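Reproduced below: work20.cif, with mmCIF, C-alpha atoms.
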```cif
data_structure
loop_
_atom_site.group_PDB
_atom_site.id
_atom_site.type_symbol
_atom_site.label_atom_id
_atom_site.label_comp_id
_atom_site.auth_asym_id
_atom_site.auth_seq_id
_atom_site.Cartn_x
_atom_site.Cartn_y
_atom_site.Cartn_z
ATOM 1 C CA MET X 1207 0.000 0.000 0.000
ATOM 2 C CA HIS X 1208 2.819 2.378 0.909
ATOM 3 C CA SER X 1209 4.602 1.687 -2.384
ATOM 4 C CA PHE X 1210 1.353 2.389 -4.261
ATOM 5 C CA VAL X 1211 0.981 5.795 -2.570
ATOM 6 C CA ILE X 1212 4.610 6.670 -3.265
ATOM 7 C CA SER X 1213 4.218 5.673 -6.910
ATOM 8 C CA LEU X 1214 1.076 7.787 -7.206
ATOM 9 C CA LEU X 1215 2.752 10.830 -5.661
ATOM 10 C CA SER X 1216 5.674 10.476 -8.058
ATOM 11 C CA CYS X 1217 3.336 10.580 -11.039
ATOM 12 C CA THR X 1218 4.327 14.164 -11.829
ATOM 13 C CA THR X 1219 6.602 15.968 -14.250
ATOM 14 C CA ASN X 1220 9.053 18.793 -13.703
ATOM 15 C CA GLN X 1221 8.321 22.272 -14.967
ATOM 16 C CA ALA X 1222 10.668 23.679 -17.589
ATOM 17 C CA ARG X 1223 11.605 27.313 -18.066
ATOM 18 C CA LEU X 1224 11.964 28.996 -21.433
ATOM 19 C CA SER X 1225 14.929 31.371 -21.519
ATOM 20 C CA VAL X 1226 15.682 33.899 -24.257
ATOM 21 C CA SER X 1227 19.105 35.319 -25.102
ATOM 22 C CA PRO X 1228 19.554 38.248 -25.444
ATOM 23 C CA SER X 1229 16.974 38.735 -22.696
ATOM 24 C CA SER X 1230 14.465 40.958 -24.471
ATOM 25 C CA SER X 1231 10.943 40.739 -25.826
ATOM 26 C CA GLN X 1232 11.727 42.866 -28.901
ATOM 27 C CA PHE X 1233 14.303 42.413 -31.648
ATOM 28 C CA PHE X 1234 15.342 44.074 -34.863
ATOM 29 C CA LYS X 1235 14.975 42.249 -38.142
ATOM 30 C CA GLY X 1236 18.261 40.413 -38.712
ATOM 31 C CA ASP X 1237 19.098 39.900 -35.024
ATOM 32 C CA PHE X 1238 20.369 36.611 -33.580
ATOM 33 C CA VAL X 1239 18.168 35.001 -30.922
ATOM 34 C CA SER X 1240 18.784 31.855 -28.886
ATOM 35 C CA LEU X 1241 16.017 30.072 -26.974
ATOM 36 C CA SER X 1242 16.375 27.126 -24.631
ATOM 37 C CA CYS X 1243 14.202 24.914 -22.444
ATOM 38 C CA GLU X 1244 15.781 24.688 -19.004
ATOM 39 C CA GLU X 1245 14.915 22.329 -16.179
ATOM 40 C CA ASP X 1246 16.450 21.888 -12.735
ATOM 41 C CA ASP X 1247 18.099 18.603 -13.646
ATOM 42 C CA SER X 1248 18.052 18.426 -17.442
ATOM 43 C CA SER X 1249 16.856 20.035 -20.650
ATOM 44 C CA ALA X 1250 16.256 16.718 -22.421
ATOM 45 C CA GLY X 1251 12.757 15.656 -23.363
ATOM 46 C CA TRP X 1252 11.417 19.154 -24.037
ATOM 47 C CA THR X 1253 10.397 20.536 -27.420
ATOM 48 C CA LEU X 1254 10.371 24.235 -28.245
ATOM 49 C CA ARG X 1255 7.225 25.291 -30.086
ATOM 50 C CA ARG X 1256 5.804 28.539 -31.335
ATOM 51 C CA ASN X 1257 2.647 30.089 -32.698
ATOM 52 C CA THR X 1258 3.034 32.857 -35.271
ATOM 53 C CA SER X 1259 0.757 34.538 -37.774
ATOM 54 C CA LYS X 1260 2.266 32.277 -40.443
ATOM 55 C CA LYS X 1261 2.127 28.859 -38.773
ATOM 56 C CA GLN X 1262 0.817 27.435 -35.511
ATOM 57 C CA MET X 1263 2.162 24.820 -33.103
ATOM 58 C CA THR X 1264 5.387 24.272 -35.058
ATOM 59 C CA GLU X 1265 8.558 23.059 -33.374
ATOM 60 C CA CYS X 1266 12.123 24.266 -33.725
ATOM 61 C CA GLY X 1267 13.843 22.788 -36.763
ATOM 62 C CA SER X 1268 10.645 22.371 -38.781
ATOM 63 C CA GLY X 1269 11.052 25.313 -41.122
ATOM 64 C CA TRP X 1270 12.464 27.702 -38.536
ATOM 65 C CA GLY X 1271 15.364 27.740 -36.104
ATOM 66 C CA ILE X 1272 18.415 25.499 -35.838
ATOM 67 C CA LEU X 1273 18.790 22.992 -33.018
ATOM 68 C CA ALA X 1274 22.144 23.305 -31.248
ATOM 69 C CA ASN X 1275 22.547 21.054 -28.205
ATOM 70 C CA SER X 1276 19.759 22.157 -25.853
ATOM 71 C CA SER X 1277 19.143 25.473 -27.626
ATOM 72 C CA CYS X 1278 17.200 26.656 -30.650
ATOM 73 C CA ASN X 1279 18.963 29.407 -32.563
ATOM 74 C CA ILE X 1280 17.375 31.851 -34.977
ATOM 75 C CA SER X 1281 20.359 33.290 -36.806
ATOM 76 C CA TYR X 1282 18.465 35.951 -38.762
ATOM 77 C CA THR X 1283 15.126 37.038 -37.364
ATOM 78 C CA THR X 1284 12.322 38.317 -39.561
ATOM 79 C CA THR X 1285 8.940 39.809 -38.756
ATOM 80 C CA TRP X 1286 7.481 36.329 -39.367
ATOM 81 C CA ASP X 1287 9.277 35.213 -36.191
ATOM 82 C CA SER X 1288 7.004 37.410 -34.072
ATOM 83 C CA GLY X 1289 4.732 35.281 -31.920
ATOM 84 C CA VAL X 1290 4.378 33.123 -28.830
ATOM 85 C CA TYR X 1291 7.050 30.598 -27.785
ATOM 86 C CA TRP X 1292 6.955 27.825 -25.174
ATOM 87 C CA CYS X 1293 8.503 24.498 -24.192
ATOM 88 C CA GLU X 1294 6.418 21.330 -24.204
ATOM 89 C CA SER X 1295 7.164 17.792 -23.053
ATOM 90 C CA ARG X 1296 5.832 14.550 -24.470
ATOM 91 C CA GLU X 1297 3.805 14.089 -21.282
ATOM 92 C CA GLY X 1298 1.998 17.382 -21.889
ATOM 93 C CA PRO X 1299 3.199 19.975 -19.325
ATOM 94 C CA ILE X 1300 4.422 23.266 -20.721
ATOM 95 C CA SER X 1301 6.775 26.011 -19.606
ATOM 96 C CA ASN X 1302 6.174 29.709 -19.261
ATOM 97 C CA MET X 1303 5.060 31.333 -22.514
ATOM 98 C CA VAL X 1304 6.800 34.384 -23.944
ATOM 99 C CA ASN X 1305 5.719 36.797 -26.643
ATOM 100 C CA LEU X 1306 8.530 37.944 -28.948
ATOM 101 C CA THR X 1307 8.223 40.813 -31.418
ATOM 102 C CA VAL X 1308 10.534 41.319 -34.395
ATOM 103 C CA THR X 1309 10.256 44.702 -36.074
ATOM 104 C CA GLY X 1310 11.461 46.041 -39.377
ATOM 105 C CA GLY X 1311 11.481 49.520 -37.854
ATOM 106 C CA SER X 1312 14.420 51.433 -36.434
ATOM 107 C CA VAL X 1313 13.524 51.532 -32.710
ATOM 108 C CA ILE X 1314 12.939 48.797 -30.123
ATOM 109 C CA LEU X 1315 12.261 48.755 -26.403
ATOM 110 C CA GLN X 1316 14.385 46.270 -24.494
ATOM 111 C CA SER X 1317 12.289 45.114 -21.556
ATOM 112 C CA PRO X 1318 12.119 41.952 -19.404
ATOM 113 C CA VAL X 1319 10.938 38.981 -21.403
ATOM 114 C CA LEU X 1320 9.791 37.174 -18.236
ATOM 115 C CA PRO X 1321 7.600 38.432 -15.380
ATOM 116 C CA VAL X 1322 9.361 40.590 -12.782
ATOM 117 C CA ARG X 1323 8.829 40.338 -9.039
ATOM 118 C CA GLU X 1324 7.456 43.019 -6.798
ATOM 119 C CA GLY X 1325 10.247 45.053 -5.233
ATOM 120 C CA ASP X 1326 12.732 44.489 -8.058
ATOM 121 C CA ASP X 1327 14.288 47.313 -10.067
ATOM 122 C CA VAL X 1328 13.527 47.146 -13.790
ATOM 123 C CA THR X 1329 15.539 48.986 -16.442
ATOM 124 C CA LEU X 1330 14.077 49.734 -19.861
ATOM 125 C CA LEU X 1331 16.309 50.597 -22.799
ATOM 126 C CA CYS X 1332 15.124 52.437 -25.891
ATOM 127 C CA LYS X 1333 17.578 51.781 -28.698
ATOM 128 C CA THR X 1334 17.984 52.295 -32.413
ATOM 129 C CA LYS X 1335 19.483 49.870 -34.878
ATOM 130 C CA THR X 1336 22.128 52.061 -36.490
ATOM 131 C CA THR X 1337 23.069 54.701 -33.913
ATOM 132 C CA PRO X 1338 24.388 54.638 -30.326
ATOM 133 C CA SER X 1339 21.824 53.566 -27.746
ATOM 134 C CA ASN X 1340 22.212 56.663 -25.588
ATOM 135 C CA LEU X 1341 19.904 59.017 -27.446
ATOM 136 C CA PRO X 1342 17.185 60.932 -25.564
ATOM 137 C CA ALA X 1343 13.967 58.928 -25.442
ATOM 138 C CA ALA X 1344 10.399 59.268 -24.227
ATOM 139 C CA PHE X 1345 8.798 56.326 -22.413
ATOM 140 C CA TYR X 1346 5.082 55.531 -22.380
ATOM 141 C CA LYS X 1347 2.872 53.239 -20.304
ATOM 142 C CA ASP X 1348 -0.595 52.354 -21.553
ATOM 143 C CA GLY X 1349 -0.369 55.190 -24.078
ATOM 144 C CA SER X 1350 0.520 57.925 -21.572
ATOM 145 C CA LEU X 1351 3.912 59.602 -21.290
ATOM 146 C CA ILE X 1352 5.797 58.530 -18.162
ATOM 147 C CA ARG X 1353 8.979 60.518 -18.525
ATOM 148 C CA LYS X 1354 11.685 61.642 -20.912
ATOM 149 C CA GLN X 1355 15.223 60.419 -20.340
ATOM 150 C CA PRO X 1356 18.382 62.039 -21.775
ATOM 151 C CA THR X 1357 20.241 58.759 -22.308
ATOM 152 C CA GLY X 1358 17.550 56.312 -23.463
ATOM 153 C CA HIS X 1359 17.473 54.402 -20.164
ATOM 154 C CA MET X 1360 14.636 54.367 -17.658
ATOM 155 C CA THR X 1361 14.722 52.491 -14.348
ATOM 156 C CA ILE X 1362 11.562 51.678 -12.439
ATOM 157 C CA GLN X 1363 12.624 51.211 -8.831
ATOM 158 C CA HIS X 1364 10.866 48.751 -6.530
ATOM 159 C CA VAL X 1365 8.183 47.782 -9.017
ATOM 160 C CA SER X 1366 4.660 47.062 -7.800
ATOM 161 C CA ARG X 1367 1.518 45.679 -9.392
ATOM 162 C CA SER X 1368 0.578 49.195 -10.475
ATOM 163 C CA ASP X 1369 3.626 49.214 -12.777
ATOM 164 C CA GLU X 1370 2.225 46.325 -14.795
ATOM 165 C CA GLY X 1371 1.149 47.446 -18.248
ATOM 166 C CA LEU X 1372 1.946 48.077 -21.887
ATOM 167 C CA TYR X 1373 5.180 49.964 -22.518
ATOM 168 C CA LYS X 1374 6.746 51.597 -25.552
ATOM 169 C CA CYS X 1375 9.314 54.302 -26.284
ATOM 170 C CA ASP X 1376 10.031 56.987 -28.855
ATOM 171 C CA ILE X 1377 13.264 58.539 -30.101
ATOM 172 C CA SER X 1378 12.808 61.830 -31.896
ATOM 173 C CA GLY X 1379 13.807 61.612 -35.532
ATOM 174 C CA HIS X 1380 14.006 57.791 -35.478
ATOM 175 C CA GLY X 1381 10.530 56.596 -34.631
ATOM 176 C CA GLU X 1382 8.547 54.616 -32.101
ATOM 177 C CA SER X 1383 9.091 51.109 -30.799
ATOM 178 C CA PRO X 1384 6.474 48.354 -30.773
ATOM 179 C CA SER X 1385 4.629 47.854 -27.487
ATOM 180 C CA SER X 1386 5.482 45.163 -24.939
ATOM 181 C CA TRP X 1387 3.576 43.997 -21.903
ATOM 182 C CA ILE X 1388 5.426 43.887 -18.563
ATOM 183 C CA THR X 1389 4.025 41.518 -15.952
ATOM 184 C CA VAL X 1390 4.622 42.026 -12.223
ATOM 185 C CA THR X 1391 4.187 39.038 -9.909
ATOM 186 C CA GLY X 1392 4.364 38.421 -6.169
ATOM 187 C CA GLN X 1393 7.510 37.329 -4.371
ATOM 188 C CA ALA X 1394 7.168 33.752 -5.588
ATOM 189 C CA THR X 1395 8.724 32.973 -8.949
ATOM 190 C CA ALA X 1396 6.125 32.917 -11.701
ATOM 191 C CA THR X 1397 5.663 29.752 -13.742
ATOM 192 C CA THR X 1398 3.599 31.336 -16.474
ATOM 193 C CA SER X 1399 3.710 34.735 -18.075
ATOM 194 C CA ARG X 1400 0.853 36.866 -19.326
ATOM 195 C CA ILE X 1401 0.732 37.189 -23.066
ATOM 196 C CA PHE X 1402 -0.243 40.468 -24.670
ATOM 197 C CA PRO X 1403 -0.833 40.127 -28.426
ATOM 198 C CA THR X 1404 0.726 42.694 -30.729
ATOM 199 C CA SER X 1405 -0.327 43.642 -34.226
ATOM 200 C CA SER X 1406 2.255 41.247 -35.659
ATOM 201 C CA ALA X 1407 1.342 38.352 -33.372
ATOM 202 C CA PRO X 1408 -1.596 35.995 -34.001
ATOM 203 C CA PRO X 1409 -4.645 35.712 -31.732
ATOM 204 C CA LEU X 1410 -3.709 33.576 -28.749
ATOM 205 C CA ILE X 1411 -7.071 32.303 -27.538
ATOM 206 C CA SER X 1412 -7.095 29.052 -29.513
ATOM 207 C CA THR X 1413 -3.454 28.333 -28.740
ATOM 208 C CA SER X 1414 -3.863 29.038 -25.031
ATOM 209 C CA LEU X 1415 -6.884 26.737 -24.801
ATOM 210 C CA ARG X 1416 -5.113 24.027 -26.751
ATOM 211 C CA VAL X 1417 -2.004 24.249 -24.608
ATOM 212 C CA ALA X 1418 -4.054 24.296 -21.404
ATOM 213 C CA PHE X 1419 -5.885 21.173 -22.582
ATOM 214 C CA LEU X 1420 -2.600 19.415 -23.320
ATOM 215 C CA GLN X 1421 -1.218 20.467 -19.962
ATOM 216 C CA LEU X 1422 -4.107 18.750 -18.160
ATOM 217 C CA PHE X 1423 -4.879 15.862 -20.513
ATOM 218 C CA TYR X 1424 -1.558 14.067 -20.805
ATOM 219 C CA PRO X 1425 -0.595 13.985 -17.105
ATOM 220 C CA VAL X 1426 -4.091 12.791 -16.153
ATOM 221 C CA MET X 1427 -4.107 10.055 -18.797
ATOM 222 C CA PHE X 1428 -0.601 8.979 -17.837
ATOM 223 C CA CYS X 1429 -1.535 8.756 -14.159
ATOM 224 C CA LEU X 1430 -4.737 6.820 -14.914
ATOM 225 C CA TYR X 1431 -2.787 4.374 -17.068
ATOM 226 C CA PHE X 1432 -0.161 4.029 -14.361
ATOM 227 C CA ILE X 1433 -2.765 3.401 -11.655
ATOM 228 C CA SER X 1434 -4.701 0.870 -13.754
ATOM 229 C CA THR X 1435 -1.480 -1.028 -14.457
ATOM 230 C CA LEU X 1436 -0.677 -1.202 -10.748
ATOM 231 C CA LEU X 1437 -4.184 -2.452 -9.960
ATOM 232 C CA MET X 1438 -3.942 -5.165 -12.617
ATOM 233 C CA VAL X 1439 -0.580 -6.326 -11.291
ATOM 234 C CA SER X 1440 -1.908 -6.295 -7.729
ATOM 235 C CA SER X 1441 -4.978 -8.311 -8.774
ATOM 236 C CA TYR X 1442 -2.840 -10.841 -10.638
ATOM 237 C CA ARG X 1443 -0.585 -11.325 -7.630
ATOM 238 C CA SER X 1444 -3.603 -11.756 -5.344
ATOM 239 C CA ARG X 1445 -4.997 -14.515 -7.563
ATOM 240 C CA GLY X 1446 -1.640 -16.227 -7.587
ATOM 241 C CA THR X 1447 -1.629 -16.573 -3.827
ATOM 242 C CA PHE X 1448 -4.779 -18.743 -3.764
#
```
If you convert what's in this file into structure tokens, what do you get?
Amino acid sequence: MHSFVISLLSCTTNQARLSVSPSSSQFFKGDFVSLSCEEDDSSAGWTLRRNTSKKQMTECGSGWGILANSSCNISYTTTWDSGVYWCESREGPISNMVNLTVTGGSVILQSPVLPVREGDDVTLLCKTKTTPSNLPAAFYKDGSLIRKQPTGHMTIQHVSRSDEGLYKCDISGHGESPSSWITVTGQATATTSRIFPTSSAPPLISTSLRVAFLQLFYPVMFCLYFISTLLMVSSYRSRGTF
């Protein structure tokens, strides 16, 4: 009986984390981006998938990205690479989801790609593709001007839930960046990130529902199969004793 309970409790899977390097949610067309599925003990057994306006639920190496050890590298990003990325195991569980935006414009806002915790300091960088990244910039949250900075950097000290929102920046004479959503969580590390669709990203409702279904379906089915197998073995052994 004790071994059955232990086996049932071990019928779980570890949660992976999707990391992005460079750590940013926005990129210029032509940038290099590396994504990897990280787990506490290993990165094996996880598949990196994405949903873009061009294709849905495709994995790295199937028409996009190059697999390199435990990473997926996009050597030359295009606007078609804008979309939602996540890691998925064969058992069903998924990692945090991140929304990446690739722009053909001349200005991007470098902001945290993952949720930030309350109390942390967050630095935003407004940069251009061809000139030094220390030009004066204006920063906006939810469409309203926050402040203007002389060097293109803005630090939000000790962030709180009220700092959560949609951010963008503008450099005079160069243009405006796309918008990115910044999520603020409690002190505990977040396992999922809020996705805010951009004009270049596809609608996420169907993908989110599909992923949520997979996240619940496969572990439940695996556990039911595991339990039924144990019961059959136990029944067989009981018959053998008579």
Atomic separation - atom CA of X:Phe1233 relative to atom CA of X:Val1313, Å: 9.2 Å
Around (13.1, 62.0, -32.2) in the file's frame, which residues reach within 12 Å when counting all atoms listed in the file? Return as a PyMOL selection string? chain X and resi 1312-1313+1332-1334+1341-1344+1354+1356+1358+1375-1383
Counting all atoms listed in the file, what is within 7 Å of stretch 1272-1279 of chain X, bar same-chain residues fewer than 5 positions away, as a short mmCIF file (atom, residue, chain, number, x, y, z; two decimals) with C-alpha atoms, keeping the file's coordinate frame?
```
data_model
loop_
_atom_site.label_atom_id
_atom_site.label_comp_id
_atom_site.auth_asym_id
_atom_site.auth_seq_id
_atom_site.Cartn_x
_atom_site.Cartn_y
_atom_site.Cartn_z
CA VAL X 1239 18.17 35.00 -30.92
CA SER X 1240 18.78 31.86 -28.89
CA LEU X 1241 16.02 30.07 -26.97
CA SER X 1242 16.38 27.13 -24.63
CA SER X 1249 16.86 20.04 -20.65
CA CYS X 1266 12.12 24.27 -33.72
CA GLY X 1267 13.84 22.79 -36.76
#
```
Take the PyMOL selection byres ((chain X and resi 1309) around 9), run it mentally on this structure, and tell me the resulting residues as a PDB file with C-alpha atoms, keeping the file's coordinate frame.
```
ATOM      1  CA  GLN X1232      11.727  42.866 -28.901  1.00  0.00           C
ATOM      2  CA  PHE X1233      14.303  42.413 -31.648  1.00  0.00           C
ATOM      3  CA  PHE X1234      15.342  44.074 -34.863  1.00  0.00           C
ATOM      4  CA  LYS X1235      14.975  42.249 -38.142  1.00  0.00           C
ATOM      5  CA  THR X1284      12.322  38.317 -39.561  1.00  0.00           C
ATOM      6  CA  THR X1285       8.940  39.809 -38.756  1.00  0.00           C
ATOM      7  CA  SER X1288       7.004  37.410 -34.072  1.00  0.00           C
ATOM      8  CA  THR X1307       8.223  40.813 -31.418  1.00  0.00           C
ATOM      9  CA  VAL X1308      10.534  41.319 -34.395  1.00  0.00           C
ATOM     10  CA  GLY X1310      11.461  46.041 -39.377  1.00  0.00           C
ATOM     11  CA  GLY X1311      11.481  49.520 -37.854  1.00  0.00           C
ATOM     12  CA  SER X1312      14.420  51.433 -36.434  1.00  0.00           C
ATOM     13  CA  VAL X1313      13.524  51.532 -32.710  1.00  0.00           C
ATOM     14  CA  ILE X1314      12.939  48.797 -30.123  1.00  0.00           C
ATOM     15  CA  SER X1383       9.091  51.109 -30.799  1.00  0.00           C
ATOM     16  CA  PRO X1384       6.474  48.354 -30.773  1.00  0.00           C
ATOM     17  CA  SER X1406       2.255  41.247 -35.659  1.00  0.00           C
TER      18      SER X1406
END
```
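The space separating atom CA of X:Tyr1282 from atom CA of X:Gln1262 comes to 19.9 Å.
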Between atom CA of X:Trp1292 and atom CA of X:Ser1368, what is the distance in Å, rounded to a tenth? 26.7 Å
Give me, as a PyMOL selection string, all polymer residues having an atom no more than 9 Å from X:Leu1330, counting all atoms listed in the file and skipping those fewer than 3 positions away in the same chain. chain X and resi 1315-1318+1345+1358-1362
Determine the nearest neighbour of X:Asp1237 from the options X:Asp1287, X:Lys1260, X:Leu1254, X:Ser1225, counting only C-alpha atoms.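 Using only C-alpha atoms, X:Asp1237 sits closest to X:Asp1287.
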For X:Thr1253, find every residue with an atom within 7 Å (counting only C-alpha atoms), except residues of its own chain fewer than 6 positions away, and show them as a list in words.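 My list of contacting residues is Glu1265, Cys1293, Glu1294 and Ser1295 of chain X.
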If I put a ball of radius 10 Å at (3.7, 42.5, -10.4) in the file's coordinates, which residues poke into it when counting only C-alpha atoms, written as a ChimeraX atom specification? /X:1321-1326,1365-1371,1388-1393,1396
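Nearest residue to X:Ser1227, choosing from X:Val1290, X:Met1303, X:Leu1331, X:Leu1320 and counting only C-alpha atoms: X:Leu1320.
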If the box runs along x, y and z of the file and leaves 8 Å on each side of stretch 1278-1295 of chain X, what are its centre and edge lengths in Å, one decimal, as JSON?
```
{"center_x": 12.4, "center_y": 28.8, "center_z": -31.3, "size_x": 32.0, "size_y": 38.0, "size_z": 32.5}
```
From X:Ser1386, X:Thr1336, X:Asn1257, X:Ser1301, residue lying nearest X:Ser1230 [all atoms listed in the file]: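 Between X:Ser1386, X:Thr1336, X:Asn1257, X:Ser1301, the residue approaching X:Ser1230 most closely is X:Ser1386.
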